[in-house]
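Text of the file upload-v9.cif, holding mmCIF, C-alpha atoms:
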data_coords
#
loop_
_atom_site.label_atom_id
_atom_site.label_comp_id
_atom_site.auth_asym_id
_atom_site.auth_seq_id
_atom_site.Cartn_x
_atom_site.Cartn_y
_atom_site.Cartn_z
CA MET A 1 15.91 -24.75 32.35
CA SER A 2 15.58 -26.42 35.72
CA LEU A 3 16.49 -30.06 36.18
CA GLY A 4 14.09 -32.54 37.67
CA THR A 5 14.94 -34.48 40.79
CA GLY A 6 15.55 -37.64 38.76
CA GLN A 7 18.08 -36.00 36.44
CA ARG A 8 19.84 -34.29 39.35
CA SER A 9 20.28 -37.63 41.08
CA ARG A 10 21.62 -39.10 37.84
CA TRP A 11 24.47 -36.60 37.49
CA GLN A 12 25.09 -36.34 41.22
CA ARG A 13 26.08 -40.00 41.45
CA PRO A 14 28.93 -39.99 38.87
CA VAL A 15 30.12 -36.55 39.94
CA GLY A 16 30.00 -37.59 43.60
CA ILE A 17 31.97 -40.76 42.90
CA ALA A 18 34.52 -38.75 40.92
CA VAL A 19 34.89 -36.26 43.78
CA GLY A 20 35.29 -39.10 46.27
CA THR A 21 37.88 -40.78 44.07
CA THR A 22 39.71 -37.46 43.76
CA ALA A 23 39.84 -37.23 47.56
CA LEU A 24 41.23 -40.77 47.74
CA VAL A 25 43.97 -40.21 45.17
CA THR A 26 44.83 -36.87 46.79
CA VAL A 27 45.61 -38.76 50.00
CA LEU A 28 47.55 -41.41 48.08
CA SER A 29 49.58 -38.71 46.31
CA LYS A 30 51.24 -37.92 49.65
CA LEU A 31 52.97 -41.31 49.63
CA PRO A 32 56.67 -41.24 48.72
CA GLY A 33 57.92 -41.19 45.14
CA SER A 34 56.86 -43.84 42.66
CA ILE A 35 54.77 -45.56 45.33
CA ALA A 36 52.27 -42.70 45.06
CA ALA A 37 51.89 -43.05 41.27
CA THR A 38 51.41 -46.81 41.54
CA ALA A 39 48.90 -46.48 44.38
CA ILE A 40 46.91 -43.85 42.46
CA GLY A 41 46.85 -46.05 39.37
CA PHE A 42 45.59 -49.03 41.36
CA ALA A 43 42.93 -46.83 42.97
CA PHE A 44 41.53 -45.75 39.59
CA LEU A 45 41.54 -49.34 38.37
CA ALA A 46 39.90 -50.64 41.54
CA VAL A 47 37.10 -48.07 41.40
CA THR A 48 36.50 -48.79 37.70
CA TYR A 49 36.43 -52.52 38.41
CA GLN A 50 33.77 -52.07 41.07
CA LEU A 51 31.68 -49.78 38.87
CA VAL A 52 31.93 -51.51 35.49
CA LEU A 53 34.01 -54.65 35.24
CA ARG A 54 32.71 -56.73 38.14
CA GLY A 55 30.02 -59.20 37.14
CA ASP A 56 31.03 -60.28 33.60
CA ASP A 57 28.50 -57.97 31.93
CA ASP A 58 30.04 -57.64 28.47
CA ALA A 59 27.36 -55.23 27.25
CA ARG A 60 28.18 -52.87 30.12
CA VAL A 61 31.91 -53.16 29.45
CA ARG A 62 31.39 -52.31 25.76
CA ALA A 63 29.05 -49.42 26.60
CA HIS A 64 31.85 -47.86 28.65
CA GLY A 65 34.43 -48.40 25.90
CA LEU A 66 36.46 -50.77 28.05
CA SER A 67 36.64 -53.88 25.89
CA LEU A 68 40.31 -53.30 24.94
CA GLY A 69 40.18 -55.81 22.11
CA GLY A 70 38.24 -58.26 24.25
CA LEU A 71 40.77 -58.36 27.09
CA LEU A 72 38.16 -57.16 29.58
CA GLU A 73 35.25 -59.18 28.23
CA SER A 74 34.26 -62.64 29.41
CA GLU A 75 34.33 -64.14 25.92
CA PRO A 76 37.36 -66.17 24.72
CA LEU A 77 40.23 -63.98 23.56
CA SER A 78 40.89 -63.52 19.85
CA ALA A 79 44.50 -62.81 18.92
CA ALA A 80 43.37 -61.34 15.60
CA ARG A 81 40.97 -58.94 17.31
CA ILE A 82 43.56 -57.88 19.89
CA ALA A 83 46.15 -57.23 17.17
CA ARG A 84 43.67 -55.37 14.96
CA GLU A 85 42.38 -53.09 17.70
CA SER A 86 45.88 -52.50 19.11
CA LEU A 87 47.20 -51.42 15.71
CA THR A 88 44.14 -49.20 15.19
CA ALA A 89 44.71 -47.54 18.58
CA ILE A 90 48.38 -46.94 17.79
CA ALA A 91 47.48 -45.51 14.37
CA TRP A 92 44.97 -43.07 15.88
CA ALA A 93 47.48 -42.00 18.56
CA CYS A 94 50.31 -41.47 16.07
CA ALA A 95 48.08 -39.54 13.66
CA LEU A 96 46.91 -37.21 16.44
CA GLY A 97 50.47 -36.81 17.66
CA ALA A 98 51.65 -35.78 14.19
CA LEU A 99 48.85 -33.20 14.10
CA ILE A 100 49.02 -31.83 17.65
CA PHE A 101 52.63 -32.13 18.81
CA PRO A 102 54.15 -29.43 16.52
CA PRO A 103 51.79 -26.65 17.71
CA PHE A 104 52.08 -28.01 21.26
CA TRP A 105 55.85 -27.59 20.99
CA LEU A 106 55.41 -23.92 20.03
CA GLY A 107 52.90 -23.43 22.85
CA PHE A 108 55.29 -25.11 25.29
CA ARG A 109 58.02 -22.63 24.40
CA TRP A 110 55.64 -19.69 24.76
CA TRP A 111 54.10 -20.87 28.06
CA TRP A 112 57.47 -21.44 29.75
CA ARG A 113 59.05 -18.36 28.10
CA ILE A 114 61.84 -20.42 26.54
CA HIS A 115 64.32 -18.45 24.43
CA VAL A 116 67.11 -20.98 24.13
CA PRO A 117 67.58 -23.61 21.41
CA LEU A 118 66.51 -27.20 21.92
CA HIS A 119 69.25 -29.52 23.14
CA PRO A 120 67.77 -32.96 22.42
CA ALA A 121 67.74 -35.16 25.48
CA SER A 122 68.60 -38.82 25.30
CA LEU A 123 65.70 -40.94 24.15
CA SER A 124 66.69 -43.74 26.50
CA ALA A 125 65.08 -42.06 29.51
CA SER A 126 61.79 -41.65 27.65
CA LEU A 127 61.88 -45.23 26.41
CA ASN A 128 62.57 -46.49 29.93
CA ASP A 129 59.59 -44.50 31.17
CA ALA A 130 57.25 -45.58 28.37
CA LEU A 131 55.84 -48.70 30.01
CA GLY A 132 55.21 -46.89 33.28
CA GLN A 133 53.47 -44.02 31.52
CA LEU A 134 51.31 -46.48 29.58
CA LEU A 135 50.30 -48.85 32.37
CA VAL A 136 50.60 -46.80 35.57
CA ILE A 137 49.42 -43.37 34.38
CA ALA A 138 47.53 -43.48 31.08
CA LEU A 139 45.66 -46.77 31.46
CA PRO A 140 44.15 -46.09 34.92
CA GLU A 141 43.22 -42.49 34.13
CA GLU A 142 41.66 -43.32 30.77
CA VAL A 143 39.56 -46.25 31.99
CA PHE A 144 38.24 -44.16 34.89
CA TYR A 145 37.76 -40.70 33.36
CA ARG A 146 37.02 -41.47 29.72
CA GLY A 147 35.74 -45.00 30.18
CA TRP A 148 33.50 -44.87 33.23
CA LEU A 149 32.99 -41.15 33.99
CA GLN A 150 32.48 -39.76 30.49
CA SER A 151 30.21 -42.66 29.55
CA SER A 152 28.15 -42.20 32.72
CA LEU A 153 27.78 -38.45 32.12
CA ASP A 154 26.78 -39.10 28.50
CA GLN A 155 23.91 -41.18 29.86
CA VAL A 156 22.75 -38.13 31.82
CA TRP A 157 23.31 -35.48 29.12
CA ASN A 158 22.79 -37.02 25.72
CA PRO A 159 25.66 -36.14 23.31
CA ARG A 160 24.12 -33.85 20.72
CA TRP A 161 27.05 -32.15 19.00
CA ARG A 162 28.92 -33.81 16.15
CA VAL A 163 32.57 -32.76 16.04
CA LEU A 164 34.88 -34.35 13.46
CA GLY A 165 32.94 -37.59 13.46
CA ALA A 166 32.41 -37.82 17.24
CA ARG A 167 29.17 -37.21 19.11
CA LEU A 168 29.88 -35.06 22.16
CA GLY A 169 27.82 -33.51 24.93
CA PRO A 170 28.13 -31.47 28.12
CA GLY A 171 29.56 -34.50 29.91
CA LEU A 172 32.84 -33.98 28.03
CA PHE A 173 33.37 -30.61 29.74
CA VAL A 174 32.31 -31.83 33.18
CA MET A 175 34.64 -34.83 32.87
CA SER A 176 37.52 -32.61 31.73
CA ALA A 177 36.96 -30.18 34.61
CA LEU A 178 36.99 -33.03 37.14
CA PHE A 179 40.13 -34.43 35.50
CA ALA A 180 41.84 -31.05 35.84
CA VAL A 181 40.73 -30.53 39.44
CA GLY A 182 41.98 -33.99 40.33
CA HIS A 183 45.41 -33.18 38.92
CA PHE A 184 45.48 -29.88 40.81
CA PHE A 185 44.74 -31.44 44.20
CA THR A 186 47.43 -34.09 43.81
CA GLU A 187 49.96 -31.31 43.20
CA LEU A 188 48.92 -27.80 44.23
CA ASP A 189 50.13 -25.97 41.15
CA LEU A 190 47.74 -23.90 39.01
CA ASN A 191 49.59 -25.07 35.90
CA ARG A 192 48.10 -28.50 36.55
CA LEU A 193 44.66 -27.16 35.62
CA ALA A 194 45.88 -26.91 32.03
CA VAL A 195 45.24 -30.65 31.61
CA PHE A 196 41.61 -29.63 31.05
CA PHE A 197 42.51 -29.07 27.39
CA PRO A 198 44.18 -32.41 26.59
CA ALA A 199 41.27 -34.04 28.46
CA LEU A 200 38.97 -32.60 25.79
CA VAL A 201 41.08 -34.31 23.13
CA PHE A 202 41.17 -37.59 25.06
CA GLY A 203 37.40 -37.37 25.45
CA TRP A 204 36.90 -36.68 21.75
CA LEU A 205 39.11 -39.67 20.93
CA ARG A 206 37.09 -41.91 23.22
CA ALA A 207 33.86 -40.82 21.51
CA ARG A 208 35.31 -41.03 18.00
CA THR A 209 36.79 -44.52 18.41
CA ARG A 210 34.13 -45.78 20.87
CA GLY A 211 36.81 -47.10 23.16
CA VAL A 212 39.69 -46.04 25.38
CA GLY A 213 42.53 -47.92 23.68
CA ALA A 214 43.59 -45.07 21.39
CA GLY A 215 43.29 -42.61 24.28
CA ILE A 216 45.58 -44.74 26.45
CA VAL A 217 48.30 -44.74 23.80
CA PHE A 218 47.89 -41.05 22.96
CA HIS A 219 47.82 -40.05 26.64
CA ALA A 220 51.10 -41.87 27.23
CA LEU A 221 52.66 -40.28 24.13
CA CYS A 222 51.59 -36.81 25.32
CA ASN A 223 53.20 -37.33 28.72
CA LEU A 224 56.38 -38.69 27.18
CA PHE A 225 56.61 -35.82 24.68
CA ALA A 226 56.09 -33.18 27.37
CA SER A 227 58.71 -34.86 29.55
CA TYR A 228 61.13 -35.02 26.61
CA LEU A 229 60.69 -31.31 25.91
CA SER A 230 61.24 -30.47 29.57
CA GLN A 231 64.48 -32.45 29.62
CA SER A 232 65.63 -31.01 26.29
CA TYR A 233 65.11 -27.43 27.51
CA GLY A 234 66.58 -28.08 30.95
CA LEU A 235 63.40 -27.35 32.88
CA GLY A 236 63.19 -28.63 36.43
CA ARG A 237 66.92 -29.22 36.80
#
Re-express the file's structure as structure tokens.
Amino acid sequence: MSLGTGQRSRWQRPVGIAVGTTALVTVLSKLPGSIAATAIGFAFLAVTYQLVLRGDDDARVRAHGLSLGGLLESEPLSAARIARESLTAIAWACALGALIFPPFWLGFRWWWRIHVPLHPASLSASLNDALGQLLVIALPEEVFYRGWLQSSLDQVWNPRWRVLGARLGPGLFVMSALFAVGHFFTELDLNRLAVFFPALVFGWLRARTRGVGAGIVFHALCNLFASYLSQSYGLGR
């Protein structure tokens, strides 16, 4: 079925902005060390601010799942609401981790052809990295890709499939593909395209919870778990 000019222009805008943002973060990824990660995170946040958060439009913020317990709304903060939504996000992330991490561990061993036993790495390195993963990596990527981009694409292609309590549409796959391509261009390694699959889970979580809070926590946990496995198996040494 052909798309009308109006619908083409509707998907071209979010996809075009995502491609432009990918080009920007690709350039920023060439900066040295941790400066690159911080600059990329700020870029995602700045673009999302311009697209959604500027102007104190609470309805728009909520429509993009970016309320974060009211932190990004103009209304007075409620400690009870922040605590309630934070605990809910953590509960969702931990439940998904308990479900997904064991098979991921097996897949990790198969993908990297690991035939040696696990030698548990120190947890201190992961704990030291937790705040950075949460605020510098997971938060910016989730607010941009699952908050702004997925929501914008859902306005173009109405979610029509119900999967485990979440309404999903073609925008989930387009968002996940752009997420994967963005990771590939910041580090030219075909393995980076594999983030397409966790992006599907992050997108489902955004749709299921109607916000990005749980996705931020789960995204950070995924990165920390993968890093812990890499250290425990001596990869990249």
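The interatomic distance for the pair CA of Pro140 in chain A and CA of Gly41 in chain A works out to 5.2 Å.
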Next on the checklist: the PyMOL selection byres ((chain A and resi 15) around 12) - which residues does that actually catch in the file I just gave you? List them as a PyMOL selection string.
Outcome noted: chain A and resi 8-14+16-22+145+148-150+152-153+156+171+174-179
Next on the checklist: Just want the 10 Å neighbourhood of Thr209 in chain A, counted on all atoms listed in the file, with same-chain residues fewer than 2 positions away dropped. Output as a ChimeraX atom specification.
Outcome noted: /A:65,88-89,92,165-166,204-207,211-215
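Distance-wise, CA of Ser151 in chain A and CA of Gly132 in chain A end up 25.6 Å apart.
Of note, CA of Leu224 in chain A and CA of Pro170 in chain A are spaced 29.2 Å apart.
Of the residues listed (A:Phe225, A:Phe173, A:Lys30, A:Glu142), A:Phe173 shows the shortest atom-to-atom separation from Trp157 in chain A; distances use all atoms listed in the file.
The shortest atom-to-atom distance to Ser29 in chain A, with only C-alpha atoms taken into account, belongs to A:Glu187 out of A:Glu73, A:Asp129, A:Glu187, A:Asp57.
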Picked residues, the PyMOL selection byres ((chain A and resi 230) around 12), expected as a PDB file with C-alpha atoms, in the frame of the given file:
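Just written: selection_31.pdb:
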ATOM      1  CA  TRP A 105      55.850 -27.590  20.990  1.00  0.00           C
ATOM      2  CA  PHE A 108      55.290 -25.110  25.290  1.00  0.00           C
ATOM      3  CA  ARG A 109      58.020 -22.630  24.400  1.00  0.00           C
ATOM      4  CA  TRP A 112      57.470 -21.440  29.750  1.00  0.00           C
ATOM      5  CA  ILE A 114      61.840 -20.420  26.540  1.00  0.00           C
ATOM      6  CA  LEU A 118      66.510 -27.200  21.920  1.00  0.00           C
ATOM      7  CA  HIS A 119      69.250 -29.520  23.140  1.00  0.00           C
ATOM      8  CA  PRO A 120      67.770 -32.960  22.420  1.00  0.00           C
ATOM      9  CA  ALA A 121      67.740 -35.160  25.480  1.00  0.00           C
ATOM     10  CA  SER A 122      68.600 -38.820  25.300  1.00  0.00           C
ATOM     11  CA  SER A 126      61.790 -41.650  27.650  1.00  0.00           C
ATOM     12  CA  ASN A 223      53.200 -37.330  28.720  1.00  0.00           C
ATOM     13  CA  LEU A 224      56.380 -38.690  27.180  1.00  0.00           C
ATOM     14  CA  PHE A 225      56.610 -35.820  24.680  1.00  0.00           C
ATOM     15  CA  ALA A 226      56.090 -33.180  27.370  1.00  0.00           C
ATOM     16  CA  SER A 227      58.710 -34.860  29.550  1.00  0.00           C
ATOM     17  CA  TYR A 228      61.130 -35.020  26.610  1.00  0.00           C
ATOM     18  CA  LEU A 229      60.690 -31.310  25.910  1.00  0.00           C
ATOM     19  CA  GLN A 231      64.480 -32.450  29.620  1.00  0.00           C
ATOM     20  CA  SER A 232      65.630 -31.010  26.290  1.00  0.00           C
ATOM     21  CA  TYR A 233      65.110 -27.430  27.510  1.00  0.00           C
ATOM     22  CA  GLY A 234      66.580 -28.080  30.950  1.00  0.00           C
ATOM     23  CA  LEU A 235      63.400 -27.350  32.880  1.00  0.00           C
ATOM     24  CA  GLY A 236      63.190 -28.630  36.430  1.00  0.00           C
ATOM     25  CA  ARG A 237      66.920 -29.220  36.800  1.00  0.00           C
TER      26      ARG A 237
END
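Residues within 12 Å of Arg54 in chain A, counting all atoms listed in the file and excluding same-chain residues fewer than 6 positions away, are Leu45, Ala46, Val47, Thr48, Arg60, Val61, Leu72, Glu73 and Ser74 of chain A.
Among A:Val143, A:Leu31, A:Ala138, A:Val163, the residue with the shortest atom-to-atom distance to Leu221 in chain A, counting all atoms listed in the file, is A:Ala138.
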Item to check | Spatial neighbours of Thr38 in chain A, 9 Å, all atoms listed in the file, chain gap at least 5 places, as a PyMOL selection string | outcome: chain A and resi 43+136-137
Item to check | Neighbour residues at most 12 Å from (47.5, -41.1, 16.7) (only C-alpha atoms) as a PyMOL selection string | outcome: chain A and resi 86-101+201-202+205+209+213-222
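Distance check against Ala37 in chain A using all atoms listed in the file: of A:Phe144, A:Pro159, A:Gln133, A:Ala180, the minimum falls on A:Gln133.
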Next on the checklist: Could you check the closest approach to Phe104 in chain A for each of A:Ile40, A:Phe197, A:His64, A:Arg167 and tell me which residue wins, using all atoms listed in the file?
Outcome noted: A:Phe197
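Restricting the calculation to only C-alpha atoms, the smallest distance between Leu66 in chain A and any of A:Leu190, A:Leu106, A:Ala79, A:Leu139 is found for A:Leu139.
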